[in-house]
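The structure appears below as structure tokens.
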Amino acid sequence: MTGPAEEAPVTSDFVRSYVITGGRSLPSSDELALHTLVTLAPDRTPPLGAGPEVRAIWELCSGGYLSVAEVAGHLGLPVGVARLLLTDLSEQGHLLRRAEPPRAQNVDRATLEKVLNGLQSLIG
Amino acid sequence: MTSLIKDPLLWILLVVLAAAVLAVSRARRTNLALRRTRKDLEAGLGQAQGRIGQLEAHIDTLGTRHRGELADVRADAESATKAVLKSAMGTLQSLAEEQQLLLDQLLKKYGNDSEVLADLMSVDHTGSQFGRRAKGISVLCGGWLGRRDGAATVYDVARSAQGRIKDFNRVAIHAQVSVAVAGKAVEPVAVVLAELLDNATTYSAPGTPVEVNIQAVPTGVVFIVDDAGLGMDQETKDRAATLLSADGPVDITGLGDPPRFGFAVCGMLANRYGFHVSVGSVSPYGGVRAVIRVPESLLSADVIAPAEPEQEPADEGQEETPQRLAPVPVGPSRVVGTTSGGLPKRRRRQGPIAVVPPPQETAALDEETSESSGEVTASRLGAFARGTQLGRTTNTTEGPDHQ
């Protein structure tokens with residue numbers, strides 16, 4: 001019936017991202033920055049009518065804090081789309097957010113040497 | 001006797017007699033001649049009639065041959081047109097596919113910029129519509145759709161179809177089942193559903209919802225498309241029925257100007273892949289109800305997620321505005337680690353990596369980690385340890401160059 005030779009494989013994303021967002025305007029990146037950490041609030045049930053992506057987020061985030069960028073990466077979605085879905089969940093109270101952990105500050109050499117010496121004395 | 005001879009009457013009689021004999025004999029000759037002529041003429045007439053018969057038969061054969069040749073020429077012209085269109089559309093199809101692949105990359109690349117992302121999405125939307133048109137014409141001309149590896153859930157098939165039409169946000173999808181359509185039927189069903197959705201949105205008032213209900217039936221799965229338009233008149237119904245039941249090549253020059261490909265594409269694909277499309281019935285909202293029935297043979301054996309009862313009955317009251325997120329069966333909560341949660345197959349999923357352990361206190365919204373000066377060293381050491389651990393276990397986007 002189908003001539004395999006004539007059928008070129010199609011590999012583009014089957015469900016386009018504007019369908020997932022339902023054509024809604026996307027939240028700005030200030031709301032949930034790439035490094036903002038999100039996790040599920042305790043004792044929540046998935047919202048009725050959750051799409052496959054929302055359920056996937058639900059599973060991903062139930063294990064602990066993940067950054068917005070990681071959620072998008074795991075879903076294989078553009079960050080903006082994942083951010084919209086996360087914003088929805090957050091507005092419904094399903095998500096806890098926290099700011100990214102602060103960057104480590106430069107510590108002076110003397111402190112590092114003390115730490116190194118301490119570690120060496122512990123291990124060695 | 002002599003008196004008799006001398007009697008002029010006798011002579012007159014003799015003369016008259018002689019004349020009469022002469023006349024009779026001449027008349028007889030004439031008669032004979034005329035009979036001969038008539039016989040000749042009749043023979044001639046017979047011949048002529050025979051010729052006429054032959055000529056008529058010849059004209060008939062010529063006429064038949066002419067018609068046959070005309071049909072052949074038409075068929076040749078049609079197939080030549082189709083061949084040209086098929087190859088042209090093939091090029092357009094692969095270009096559209098290329099563009100979508102490119103857009104997939106761009107959407108991810110510029111995903112963090114919501115304005116660029118929105119613009120890219122509108123480009124993607126027009127591209128998808130363009131791809132659908134190219135695919136439709138290509139199918140009518142004997143071309144093939146692309147083949148997708150792997151099955152897709154009926155919900156994803158419906159969403160994919162939704163993305164290929166102009167007014168996609170008027171479409172609401174309600175999936176009562178979560179079975180998957182086999183790989184080879186994924187694109188055809190999506191294309192047919194897109195054509196039906198395009199009809200439904202085009203021939204109903206702007207703003208009215210178009211619903212897709214997906215239900216299981218004993219012989220497979222049905223996609224029911226309901227619109228709230230005015231319905232179809234009898235002529236359109238007949239035309240649709242003819243095109244949908246066509247089991248041979250479709251005459252593309254007979255599709256009108258501007259050509260209406262929709263039903264022809266549906267009929268062609270349904271016939272080629274073995275599913276069933278009908279548009280005859282009336283929707284509960286007064287418009288057209290179109291139904292695609294996909295037989296079990298075109299469904300994938302592995303059920304991606306267990307079917308659960310729909311929360312909202314399909315034929316109940318109609319929403320005022322199209323719904324954004326369609327209700328789909330939801331798995332039980334907190335099913336961590338089971339892949340039967342209806343996840344799209346395309347996603348390679350590793351276990352989520354917790355960057356920070358879950359909070360002990362629940363009210364941790366946007367908590368800034370404040371450090372008292374006395375605990376500085378300990379907390380820094382902790383952060384250092386977590387950082388190195390994270391660095392060893394994953395290669396996420398966390399890192400100084402992304403901050």
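FYI, nothing fancy with the structure tokens labels: chains A, B, ... in order, residues from 1 per chain, ligands from 1 as they appear.
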
Exercise for review: Starting from chain A, keep only residues with some atom at most 6 Å from an atom of chain B, counting only C-alpha atoms, and report them as a VMD selection string.
Suggested key: chain A and resid 7 to 10 12 14 to 15 18 to 19 22 26 28 45 49 52 59 to 60 64 to 66 78 to 80 96 to 99

Review point. Distance CA of Gly220 (chain B)-CA of Glu53 (chain A), one decimal place?
Key: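 CA of Glu53 (chain A) lies at a distance of 25.7 Å from CA of Gly220 (chain B).
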
Exercise for review: Run DSSP on the backbone of this structure and report the residues of region 51-102 of chain A it assigns to strand (DSSP E or B), as a list of chain:residue names.
Suggested key: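 DSSP-assigned strand (DSSP E or B) residues in region 51-102 of chain A: A:Leu66, A:Ser67, A:Leu95, A:Leu96, A:Arg97, A:Arg98.
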
Atoms to include: N, CA and C atoms. Write the selected residues as a PDB file, in the first residue's frame.
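Okay, this is what ended up in out14.pdb:
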```pdb
ATOM      1  N   LEU A  66      13.656  21.939  40.742  1.00  0.00           N
ATOM      2  CA  LEU A  66      14.301  21.953  39.426  1.00  0.00           C
ATOM      3  C   LEU A  66      14.262  23.381  38.907  1.00  0.00           C
ATOM      4  N   SER A  67      15.259  23.738  38.121  1.00  0.00           N
ATOM      5  CA  SER A  67      15.218  25.085  37.555  1.00  0.00           C
ATOM      6  C   SER A  67      14.266  25.102  36.360  1.00  0.00           C
ATOM      7  N   LEU A  95       2.661  25.180  42.660  1.00  0.00           N
ATOM      8  CA  LEU A  95       4.114  25.205  42.628  1.00  0.00           C
ATOM      9  C   LEU A  95       4.679  26.076  43.740  1.00  0.00           C
ATOM     10  N   LEU A  96       5.818  25.668  44.242  1.00  0.00           N
ATOM     11  CA  LEU A  96       6.602  26.519  45.130  1.00  0.00           C
ATOM     12  C   LEU A  96       7.792  27.012  44.322  1.00  0.00           C
ATOM     13  N   ARG A  97       8.142  28.269  44.539  1.00  0.00           N
ATOM     14  CA  ARG A  97       9.275  28.816  43.803  1.00  0.00           C
ATOM     15  C   ARG A  97      10.300  29.333  44.791  1.00  0.00           C
ATOM     16  N   ARG A  98      11.529  29.299  44.402  1.00  0.00           N
ATOM     17  CA  ARG A  98      12.534  30.000  45.190  1.00  0.00           C
ATOM     18  C   ARG A  98      13.599  30.517  44.253  1.00  0.00           C
TER      19      ARG A  98
END
```

Review point. Can you tell me how far CA of Val217 (chain B) sits from CA of Gly231 (chain B), in Å to one decimal?
Key: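 It comes out at 25.3 Å.
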
Practice item. Quick one: pull the distance between CA of Arg386 (chain B) and CA of Pro102 (chain A), Å, one decimal. Key: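 Between CA of Arg386 (chain B) and CA of Pro102 (chain A) the gap is 12.7 Å.
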